[in-house]
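Q: One structure is given below, represented as structure tokens, and several questions about it will come after.
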Amino acid sequence: MFIFLMRRLVQIVPVLLGVTLMVFLIMQMVPGDPAVLVAGEGATDEQVEAIRHDLGLDQPLAVQYLSYVGDVVKGDFGESIRTSRPVLDEILVRLPITLELAFWSIVITVVLGVLIGIIAATKQNSFTDVGLMMVALLGVSLPNFWLGLMLIIYFSVGLQWFPVAGWGTFSHIILPAITLGTGGAAIVARMTRASMLEVIRQDYIRTAKAKGVRQRLIIYKHALKNALIPVITVVGLQFGALLGGTVLTESVFAINGVGRLIIDAIRMRDLPLVQGSILFVSVLFVIVNLLVDLSYRFLNKRVELN
Amino acid sequence: MGTEHKETILEVKNLKTHFFSGKKVIKAVDGVDFDVKRGETLGIVGESGSGKSITSLSIMRLIAEPPGKIVDGEINFKGKNLLSETEEGMRQMRGNKISMIFQEPMTSLNPVYSVGEQIAEAFRIHQKLPKKEAWQRAVEMLRLVGIPSPEKRAKQEPHELSGGMRQRVMIAMALACKPELLIADEPTTALDVTIQAQILDLLKNLQEQLGTAVIMITHDMGVVSETCDRVAVMYCGKIVEHTDVDSLFENPKHPYTQGLLRSIPAVDRDVEELEAIPGTVPSPDNLPKGCSFAPRCPFATDLCRTEEPDLLIDNDDKVRCWMYSERWNGPAAKEVAADVSHANAN
Ligand SMILES: Nc1ncnc2c1ncn2[C@@H]1O[C@H](COP(=O)(O)OP(=O)(O)O)[C@@H](O)[C@H]1O
Ligand SMILES: [Mg+2]
């Protein structure tokens, strides 16, 4: 187990190097000169040139990249080109917002997905099952931003149940969390259903019935714990998709999280900020994947050894 | 043996359990009659596919519907017909008055709960014991079934135990609430020979201690001779012979029983002399006309191939074979039987 953990931690390094390199190269390719954007309209060529020198943008690309990596290793993520504040501060201010949104979205993904999956499985091939699975298919296919806009139009503008945009109270969280969580919920529902149907055919379920266990406990105790083992992996993968989804969702709902920070930074060609925030999101993603892997291994060893 | 004076606790009458798949009807159990008396062991023997497991699952009312359905018959347990019992009534009976252990010890325990917890559950369901007390009783049960250091073992999950140990756990779970009837469906088939003997011994001991009646399902005549008081021989969903264990071995009546006896491996017999019954069990959705065993029977006549024999009853002995009826015109049953015991003696 320790060796496994060490190996996984070492594997993270090339992943993060790859991510920074990709972001660096892509940012070089997009048109627009950060020095010009910073200098503002009407700046003279000399002024722009001076800014470019200050930012180190006149160095060869390889030098720029390597010095960035070197700084990051030392814990220095640089400063935002636009605001001149440390990148780390900019991210840390917004990170709690994104994490809170991600948390509630995952709650919706898991609770809604697992519940729908169980109901569909226990009523296999019934009208309820077919209906729920059609809804789930729809849930997977809906684009996030469209669902978000529809929810705003219907519940915020129309019924005025929720604020249209912004952040602060719990009612601000509900619509964006639904927007972000439904796609995952649909996938989790389908996975839970399939896994549940597999588990209730097992011999140990027959044993539980022969012991006189109530039907409800057979489903929620004996079957569910086994059925959730493969679902955990799916939830982990959904977390990745969900982090990507925050970018669009935060923009649609005007939430000042890391997702929106990335969009704004890209728009301003604010390379250190783009690099830093994407690096953060990547680390988050890698950590969650590692946790999922660990818990899956832990839970699955009992099943595998059978 | 003296079982004849004891009270009958289970009486199965004309039980028919069929499976419906598409247009086909599979008559897995098709008119089975037998009874079990308090404290005795009834064996049900027959080759694989003869309907033994479906019979036992029918008694537990655990046939998945669809595709299966108990279409006819009665299952009287202590005078009450289980087939008219509610699902809730059945649930209270399962694991409490009637228990069952299965052939597959490796997969019959839930992999994500400790074995102690799985045994304790029986006490909590049926005796409403609080968690702690149920756990202590589970540990006692593990001790009773001969598991060393039961306090430690109780906390382990099934994957930490060997097949034999797991079957002991299954037995502990099944006997936890001191059921009046235990159905053991091939409890030793999946185990090594030495473990097999230990488990059979254990079952026999516990049965004597607790006074439980046992239905011992097996395809192994050796197991029958070691454990059973009376035996029902099953073939293609029907009982073909039903008698006490001594008569079965000394004077087997049905040619199928005779065939099964010839195929027991014994210490004093060479393996080469072992005879398997020729041919194979016919598929249950395509049974031959007349007696189902006729295509494999060395004595079959035209009568056997056209008309199905009834179960002939002679006191406590029953046999489903034309040979013992007045309409028989082949070689006399006595000669056949003499032939068989001669073969067995060799
Ligand atoms: N779910 C099912 N669907 C259709 N046929 C079944 C099903 N379960 C059992 N059967 C049929 O019932 C017959 C008897 O099975 P079973 O009682 O398991 O035999 P045994 O325990 O004597 O080996 C088998 O031949 C099988 O074809
Ligand atoms: Mg069987």
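Residue numbers start at 1 in each chain; chains themselves are named A, B, ... in the order of the structure tokens; ligands are numbered from 1 in the order shown.
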Could you please select, counting only C-alpha atoms, the residues of chain A within 12 Å of chain B and state them as an MDAnalysis selection string?
A: chainID A and resid 199:215 217:218 221:229 298:306
Q: Once you count only C-alpha atoms and all ligand atoms, which residues end up within 10 Å of ligand 1, and could you hand them over as a PyMOL selection string?
A: chain B and resi 17-21+24-29+44-58+63-68+103+185-186+217-219+234-237+281-285
Q: Assign secondary structure with DSSP using the backbone only, and return the residues of range 9-117 of chain B in alpha helix (DSSP H) as a list in words.
A: Lys52, Ser53, Ile54, Thr55, Ser56, Leu57, Ser58, Ile59, Glu87, Glu88, Gly89, Met90, Arg91, Gln92, Met93, Val115, Gly116 and Glu117 of chain B
Q: Applying 7 Å and only C-alpha atoms, which residues near Lys238 in chain B remain after dropping the ones on its own chain fewer than 5 positions away? List them as a ChimeraX atom specification.
A: /B:29-32
Q: Write out as a ChimeraX atom specification which residues come within 9 Å of Glu74 in chain B when counting only C-alpha atoms, dropping same-chain ones fewer than 2 positions away.
A: /B:11-15,72,76,81-84
